[in-house]
>>> print(open('my_file_35.txt').read())   # compact mmCIF, C-alpha atoms
# COMPACT_ATOMS: atom_id res chain seq x y z
CA MET A 505 196.07 80.96 121.66
CA SER A 506 197.34 81.60 118.13
CA THR A 507 201.04 81.31 117.35
CA ALA A 508 200.75 83.84 114.51
CA LEU A 509 202.68 87.08 114.25
CA SER A 510 200.34 90.03 113.57
CA GLU A 511 201.75 92.71 111.24
CA THR A 512 200.63 95.53 108.94
CA PHE A 513 201.83 97.39 105.86
CA THR A 514 200.43 100.33 103.92
CA HIS A 515 199.18 100.27 100.34
CA ASP A 516 196.85 102.58 98.43
CA GLY A 517 196.49 104.68 101.58
CA LEU A 518 195.18 101.69 103.57
CA SER A 519 196.70 99.89 106.54
CA LEU A 520 196.46 96.21 105.62
CA HIS A 521 196.82 93.52 108.27
CA TYR A 522 198.35 90.09 107.80
CA LEU A 523 199.41 87.10 109.90
CA ARG A 524 202.54 84.97 109.73
CA TRP A 525 203.16 81.45 111.01
CA GLY A 526 206.29 79.36 110.66
CA PRO A 527 209.99 80.06 110.03
CA ALA A 528 210.86 83.22 108.09
CA ASP A 529 213.32 81.25 105.95
CA ALA A 530 210.81 78.56 104.90
CA PRO A 531 209.13 78.62 101.46
CA PRO A 532 206.29 81.17 101.56
CA LEU A 533 202.62 80.20 101.28
CA VAL A 534 200.17 83.10 100.94
CA LEU A 535 196.48 82.64 101.84
CA LEU A 536 193.52 84.71 100.61
CA HIS A 537 190.15 84.33 102.33
CA GLY A 538 186.67 84.64 100.81
CA LEU A 539 184.08 87.40 100.59
CA ARG A 540 182.90 87.46 104.22
CA ALA A 541 185.97 86.00 105.94
CA TYR A 542 189.28 87.22 107.42
CA ALA A 543 192.93 86.18 107.79
CA TYR A 544 192.39 84.04 110.91
CA TRP A 545 189.88 81.88 109.00
CA PHE A 546 192.85 79.73 107.92
CA GLU A 547 194.29 79.36 111.43
CA GLU A 548 193.92 75.60 111.87
CA PHE A 549 195.34 74.89 108.40
CA ALA A 550 198.15 77.42 108.88
CA GLU A 551 199.32 75.91 112.16
CA VAL A 552 199.85 72.54 110.45
CA ALA A 553 201.31 73.99 107.23
CA ALA A 554 203.78 76.06 109.27
CA ALA A 555 205.83 72.91 109.89
CA ARG A 556 206.99 73.26 106.28
CA PHE A 557 206.08 76.77 105.08
CA GLN A 558 206.21 80.37 106.14
CA VAL A 559 202.43 80.88 106.04
CA ILE A 560 201.11 84.40 105.38
CA SER A 561 197.40 85.20 105.58
CA LEU A 562 196.07 88.60 104.51
CA ASP A 563 193.04 90.43 105.86
CA GLN A 564 191.86 91.67 102.47
CA ARG A 565 190.76 95.30 102.40
CA GLY A 566 187.57 96.08 104.28
CA ARG A 567 187.77 93.03 106.57
CA GLY A 568 189.35 91.81 109.78
CA ALA A 569 191.92 94.31 111.07
CA SER A 570 192.55 95.93 107.66
CA ASP A 571 191.22 99.38 106.80
CA TRP A 572 187.99 99.97 104.93
CA ALA A 573 188.48 101.55 101.50
CA PRO A 574 186.99 105.07 101.67
CA ASP A 575 186.57 105.14 97.89
CA GLY A 576 184.61 101.86 97.92
CA GLN A 577 187.13 100.12 95.65
CA TYR A 578 186.32 96.46 96.25
CA ASN A 579 187.05 94.75 92.95
CA THR A 580 189.47 92.18 91.59
CA ASP A 581 191.96 94.79 90.38
CA ALA A 582 192.15 96.40 93.82
CA TYR A 583 192.54 93.07 95.62
CA VAL A 584 195.23 91.87 93.19
CA ALA A 585 197.12 95.16 93.62
CA ASP A 586 197.01 94.68 97.41
CA LEU A 587 198.42 91.18 97.03
CA ALA A 588 201.18 92.44 94.74
CA ALA A 589 202.04 95.10 97.33
CA LEU A 590 202.17 92.46 100.08
CA ALA A 591 204.53 90.29 98.01
CA ASP A 592 206.78 93.30 97.40
CA HIS A 593 206.61 94.37 101.06
CA LEU A 594 207.75 90.91 102.20
CA LYS A 595 210.21 90.55 99.28
CA LEU A 596 208.59 87.30 98.15
CA ASP A 597 210.37 86.41 94.92
CA ARG A 598 208.44 83.17 94.47
CA PHE A 599 205.67 81.70 96.59
CA VAL A 600 202.73 79.32 96.76
CA LEU A 601 199.33 81.01 96.54
CA LEU A 602 196.04 79.66 97.91
CA GLY A 603 192.67 81.38 97.73
CA HIS A 604 189.15 80.44 98.80
CA SER A 605 186.03 81.68 96.99
CA MET A 606 186.57 85.41 96.25
CA GLY A 607 190.16 84.87 97.36
CA GLY A 608 190.43 82.15 94.72
CA THR A 609 189.44 84.62 92.03
CA ASN A 610 192.02 87.11 93.29
CA ALA A 611 194.71 84.41 93.52
CA LEU A 612 193.94 83.16 90.02
CA ASN A 613 194.15 86.62 88.49
CA TYR A 614 197.42 87.36 90.30
CA ALA A 615 198.95 84.04 89.17
CA ALA A 616 197.95 84.73 85.56
CA SER A 617 199.62 88.15 85.55
CA HIS A 618 202.69 87.22 87.66
CA PRO A 619 203.75 83.78 86.36
CA ASP A 620 207.34 84.28 87.49
CA ARG A 621 206.33 84.68 91.16
CA VAL A 622 203.80 81.89 91.76
CA ALA A 623 205.34 78.45 92.28
CA ALA A 624 202.00 76.65 92.73
CA LEU A 625 198.36 77.68 92.95
CA VAL A 626 195.51 76.23 95.03
CA ILE A 627 191.96 77.33 94.15
CA VAL A 628 189.44 76.42 96.85
CA ASP A 629 185.74 76.19 95.88
CA SER A 630 186.04 79.12 93.51
CA ALA A 631 185.13 79.24 89.83
CA PRO A 632 184.53 81.67 86.96
CA GLU A 633 180.85 80.66 86.94
CA LEU A 634 178.93 79.92 90.14
CA ASP A 635 175.78 77.85 90.49
CA MET A 636 172.53 79.74 91.04
CA ALA A 637 171.62 77.60 94.07
CA GLY A 638 174.62 78.88 96.01
CA LEU A 639 174.16 82.46 94.86
CA THR A 640 170.54 82.35 96.00
CA ARG A 641 171.63 80.99 99.39
CA ILE A 642 174.16 83.79 99.84
CA ARG A 643 171.59 86.45 98.93
CA SER A 644 169.19 84.92 101.46
CA GLU A 645 171.87 84.89 104.16
CA LEU A 646 172.73 88.52 103.51
CA ALA A 647 169.06 89.52 103.60
CA ARG A 648 168.55 87.98 107.04
CA THR A 649 171.87 89.09 108.53
CA PRO A 650 171.20 91.70 111.25
CA ASN A 651 173.26 94.89 111.36
CA ALA A 652 174.14 94.24 115.00
CA PHE A 653 173.52 91.88 117.93
CA GLY A 654 172.41 92.79 121.43
CA SER A 655 174.54 90.09 123.06
CA ARG A 656 177.22 87.48 122.45
CA ALA A 657 174.60 84.77 122.87
CA GLU A 658 172.56 86.24 119.99
CA ALA A 659 175.64 86.41 117.78
CA LEU A 660 176.71 82.85 118.64
CA THR A 661 173.27 81.50 117.80
CA PHE A 662 173.28 83.27 114.45
CA LEU A 663 176.80 82.15 113.48
CA ARG A 664 176.13 78.53 114.43
CA GLU A 665 172.98 78.56 112.31
CA MET A 666 174.86 80.06 109.34
CA HIS A 667 177.82 77.68 109.64
CA PRO A 668 176.43 74.36 110.89
CA ARG A 669 179.51 72.29 109.93
CA ALA A 670 182.04 74.59 111.62
CA GLY A 671 183.70 73.39 114.82
CA GLU A 672 183.67 75.35 118.05
CA ARG A 673 187.14 76.74 117.42
CA SER A 674 186.06 78.13 114.05
CA ILE A 675 182.94 79.68 115.59
CA ALA A 676 185.01 81.27 118.37
CA THR A 677 187.37 82.75 115.77
CA ARG A 678 184.40 84.07 113.79
CA MET A 679 183.11 85.76 116.95
CA GLU A 680 186.44 87.54 117.39
CA TRP A 681 187.25 88.46 113.78
CA MET A 682 183.86 88.96 112.15
CA LEU A 683 182.45 91.09 114.98
CA ARG A 684 183.46 94.07 117.12
CA ARG A 685 181.86 95.69 120.17
CA ARG A 686 180.26 99.12 119.92
CA GLU A 687 180.37 101.68 122.73
CA THR A 688 176.69 100.85 123.28
CA GLY A 689 177.65 97.25 124.05
CA GLU A 690 176.14 95.88 120.85
CA LEU A 691 178.21 93.73 118.49
CA ASP A 692 178.38 94.74 114.85
CA TRP A 693 180.37 93.55 111.85
CA ARG A 694 184.00 94.36 111.10
CA ILE A 695 183.35 94.05 107.36
CA ASP A 696 182.71 97.24 105.36
CA PRO A 697 179.03 97.35 104.26
CA ALA A 698 180.18 98.95 100.99
CA ILE A 699 181.46 95.51 99.92
CA PHE A 700 177.81 94.50 99.41
CA ASP A 701 176.84 97.61 97.43
CA PRO A 702 174.57 96.30 94.63
CA ARG A 703 176.09 98.89 92.29
CA LEU A 704 179.43 97.05 92.33
CA THR A 705 179.79 95.26 89.02
CA PRO A 706 181.04 91.66 89.21
CA ASP A 707 183.73 90.43 86.84
CA PRO A 708 182.45 88.89 83.61
CA PRO A 709 183.09 85.11 83.77
CA GLN A 710 185.34 85.25 80.70
CA ARG A 711 187.92 87.25 82.67
CA SER A 712 188.62 84.30 84.96
CA TRP A 713 188.38 81.72 82.17
CA ASP A 714 191.05 83.69 80.29
CA ALA A 715 193.16 83.93 83.45
CA LEU A 716 192.93 80.17 84.01
CA ALA A 717 194.32 79.56 80.53
CA LYS A 718 197.32 81.79 81.32
CA VAL A 719 198.30 80.16 84.63
CA ALA A 720 201.69 78.53 84.13
CA CYS A 721 202.25 76.84 87.48
CA PRO A 722 200.91 73.51 88.85
CA THR A 723 197.39 74.13 90.15
CA LEU A 724 195.13 72.22 92.52
CA MET A 725 191.37 72.77 92.29
CA VAL A 726 189.80 71.91 95.67
CA ARG A 727 186.02 71.55 95.65
CA GLY A 728 183.65 70.82 98.50
CA ALA A 729 181.93 67.57 97.52
CA ILE A 730 178.55 69.05 98.53
CA SER A 731 179.29 72.62 97.41
CA ASP A 732 176.25 74.53 96.16
CA LEU A 733 178.43 77.10 94.36
CA VAL A 734 180.95 75.13 92.30
CA THR A 735 179.50 72.26 90.28
CA ALA A 736 181.49 69.18 89.32
CA GLN A 737 180.99 70.10 85.64
CA ILE A 738 182.51 73.57 86.07
CA ALA A 739 185.38 72.12 88.11
CA ASP A 740 186.09 69.65 85.28
CA ARG A 741 186.07 72.48 82.75
CA MET A 742 188.54 74.40 84.92
CA ILE A 743 190.94 71.44 84.92
CA ASP A 744 190.61 71.15 81.13
CA THR A 745 191.43 74.87 80.80
CA LEU A 746 194.50 74.82 83.04
CA ARG A 747 197.89 73.88 81.60
CA SER A 748 198.75 71.75 84.65
CA GLY A 749 195.72 71.13 86.85
CA GLU A 750 194.52 68.53 89.34
CA ARG A 751 191.22 68.31 91.17
CA VAL A 752 190.17 66.92 94.53
CA ASP A 753 186.69 66.87 96.10
CA ILE A 754 186.64 67.04 99.90
CA GLU A 755 184.00 64.76 101.39
CA GLN A 756 181.52 66.14 103.95
CA ALA A 757 182.42 69.68 102.91
CA ALA A 758 180.25 72.36 101.35
CA HIS A 759 181.51 75.78 100.24
CA MET A 760 183.37 76.49 103.50
CA VAL A 761 185.74 73.61 102.77
CA VAL A 762 188.53 74.74 105.07
CA GLU A 763 186.39 74.65 108.21
CA ASP A 764 183.88 72.00 107.12
CA ASN A 765 186.50 69.23 106.94
CA PRO A 766 189.85 70.69 108.04
CA VAL A 767 191.68 67.37 108.33
CA ALA A 768 190.87 66.19 104.80
CA PHE A 769 191.45 69.67 103.36
CA THR A 770 194.86 70.01 104.98
CA SER A 771 195.91 66.52 103.90
CA ALA A 772 194.89 67.16 100.27
CA VAL A 773 196.60 70.53 99.98
CA LEU A 774 199.84 69.59 101.71
CA GLY A 775 199.99 66.31 99.77
CA PHE A 776 199.76 68.26 96.51
CA LEU A 777 202.40 70.78 97.61
CA ASP A 778 204.74 67.99 98.71
CA LYS A 779 204.69 66.74 95.11
CA LYS A 780 204.91 70.11 93.36
CA VAL A 781 207.04 72.40 95.57
CA PRO A 782 210.65 71.37 96.30
CA ARG A 783 211.65 71.24 99.94
>>> encode(input="my_file_35.txt", output="structure tokens")
Amino acid sequence: MSTALSETFTHDGLSLHYLRWGPADAPPLVLLHGLRAYAYWFEEFAEVAAARFQVISLDQRGRGASDWAPDGQYNTDAYVADLAALADHLKLDRFVLLGHSMGGTNALNYAASHPDRVAALVIVDSAPELDMAGLTRIRSELARTPNAFGSRAEALTFLREMHPRAGERSIATRMEWMLRRRETGELDWRIDPAIFDPRLTPDPPQRSWDALAKVACPTLMVRGAISDLVTAQIADRMIDTLRSGERVDIEQAAHMVVEDNPVAFTSAVLGFLDKKVPR
């Protein structure tokens, strides 16, 4: 059973849900999940990090227990504004920020525009330019993702196929926070389908390259050693662009680094923060 506190706040007319682990007077560490994830995705990492930090994980709009955006605003500006509102709501003057995949893009853009508030940044398998192999995989996964499942067994089989490196705890959390039960008994997705609207225009890569150059705080680039989205060459270019950047590749981890190798991921991130964030 999770030790997290479950709370909400309102921004842009939406009720946004977040989780908190650890002492309220500890240094804050804010977590942003990826495109198809949710706040509880970081649970195993957060429970360890809570020994030193107040860990805060946001269900970004349209996912988990947060509201769907009726105007279909699912872009970097909207996500960054939600994060800024969360920081103001919790009165976070200065905090560590970690984001995975889409959450890494949002974290990067927030850090670039709020240098006085971010003490350290961790970017997890996220980059301004993504490899075509990974993008093709994601498109294929989306194309074969059913709208609903007739039973829990069907859903479990599908999730295990999609996430072969995830442990049973991660799969169980996915079952709870990616899916919801309809009145008919079927299970469908919590995520807003509008997030995948092909008319949504992605950021031009230069936006994130420019943001990287503006980041003032110490930054750790975490890459899955077998990621099909972030190449070693792009990761190297990111480190060259940052003012103060380090890189670590997590062995036996693909794009879903946090759940693919949670022990190595946690050790790398907390080791970096021990060096860069005063106790």
>>> closest_residue(input="my_file_35.txt", among="A:His515, A:Lys718, A:His521, A:His759", to="A:His618", atoms="all atoms listed in the file")
A:Lys718
>>> residues_near_point(input="my_file_35.txt", point="(184.6, 69.5, 107.9)", cutoff="7 Å", atoms="all atoms listed in the file", output="list of chain:residue names")
A:Arg669, A:Ala670, A:Gln756, A:Ala757, A:Val761, A:Glu763, A:Asp764, A:Asn765, A:Pro766
>>> closest_residue(input="my_file_35.txt", among="A:Gly517, A:Gly526, A:Val762, A:Gly576", to="A:Ser674", atoms="all atoms listed in the file")
A:Val762
>>> atom_distance(input="my_file_35.txt", atom1="atom CA of A:Glu633", atom2="atom CA of A:Leu535")
21.7 Å
>>> closest_residue(input="my_file_35.txt", among="A:Arg703, A:Arg685, A:Arg656, A:Arg694", to="A:Gln564", atoms="all atoms listed in the file")
A:Arg694
>>> residues_around(input="my_file_35.txt", residues="A:Gly568", least_positions_apart="5", cutoff="10 Å", atoms="all atoms listed in the file", output="number ranges by chain")
A: 520-522, 540-545, 562-563, 680-684, 693-696
>>> atom_distance(input="my_file_35.txt", atom1="atom CA of A:Leu646", atom2="atom CA of A:Ala676")
20.6 Å
>>> closest_residue(input="my_file_35.txt", among="A:Leu639, A:Ala768, A:Val626, A:Cys721", to="A:Leu733", atoms="only C-alpha atoms")
A:Leu639
>>> atom_distance(input="my_file_35.txt", atom1="atom CA of A:Ala528", atom2="atom CA of A:Phe599")
12.7 Å
>>> residues_around(input="my_file_35.txt", residues="A:Ala736", least_positions_apart="5", cutoff="12 Å", atoms="only C-alpha atoms", output="list in words")
Asp629, Ser630, Ala631, Glu633, Leu634, Asp635, Met725, Val726, Arg727, Gly728, Ala729, Ile730, Ser731, Arg741, Met742, Ile743, Arg751, Val752, Asp753 and Ile754 of chain A
>>> closest_residue(input="my_file_35.txt", among="A:Ala550, A:Ala772, A:Met760, A:Leu518", to="A:His667", atoms="all atoms listed in the file")
A:Met760
>>> axis_aligned_box(input="my_file_35.txt", around="stretch 604-615 of chain A", padding_each_side="6 Å", output="lines of an AutoDock Vina configuration file")
center_x = 192.5
center_y = 83.9
center_z = 93.6
size_x = 24.9
size_y = 18.9
size_z = 22.3
>>> residues_around(input="my_file_35.txt", residues="A:Pro708", least_positions_apart="2", cutoff="12 Å", atoms="all atoms listed in the file", output="PyMOL selection string")
chain A and resi 579-580+609+631-634+705-706+710-715
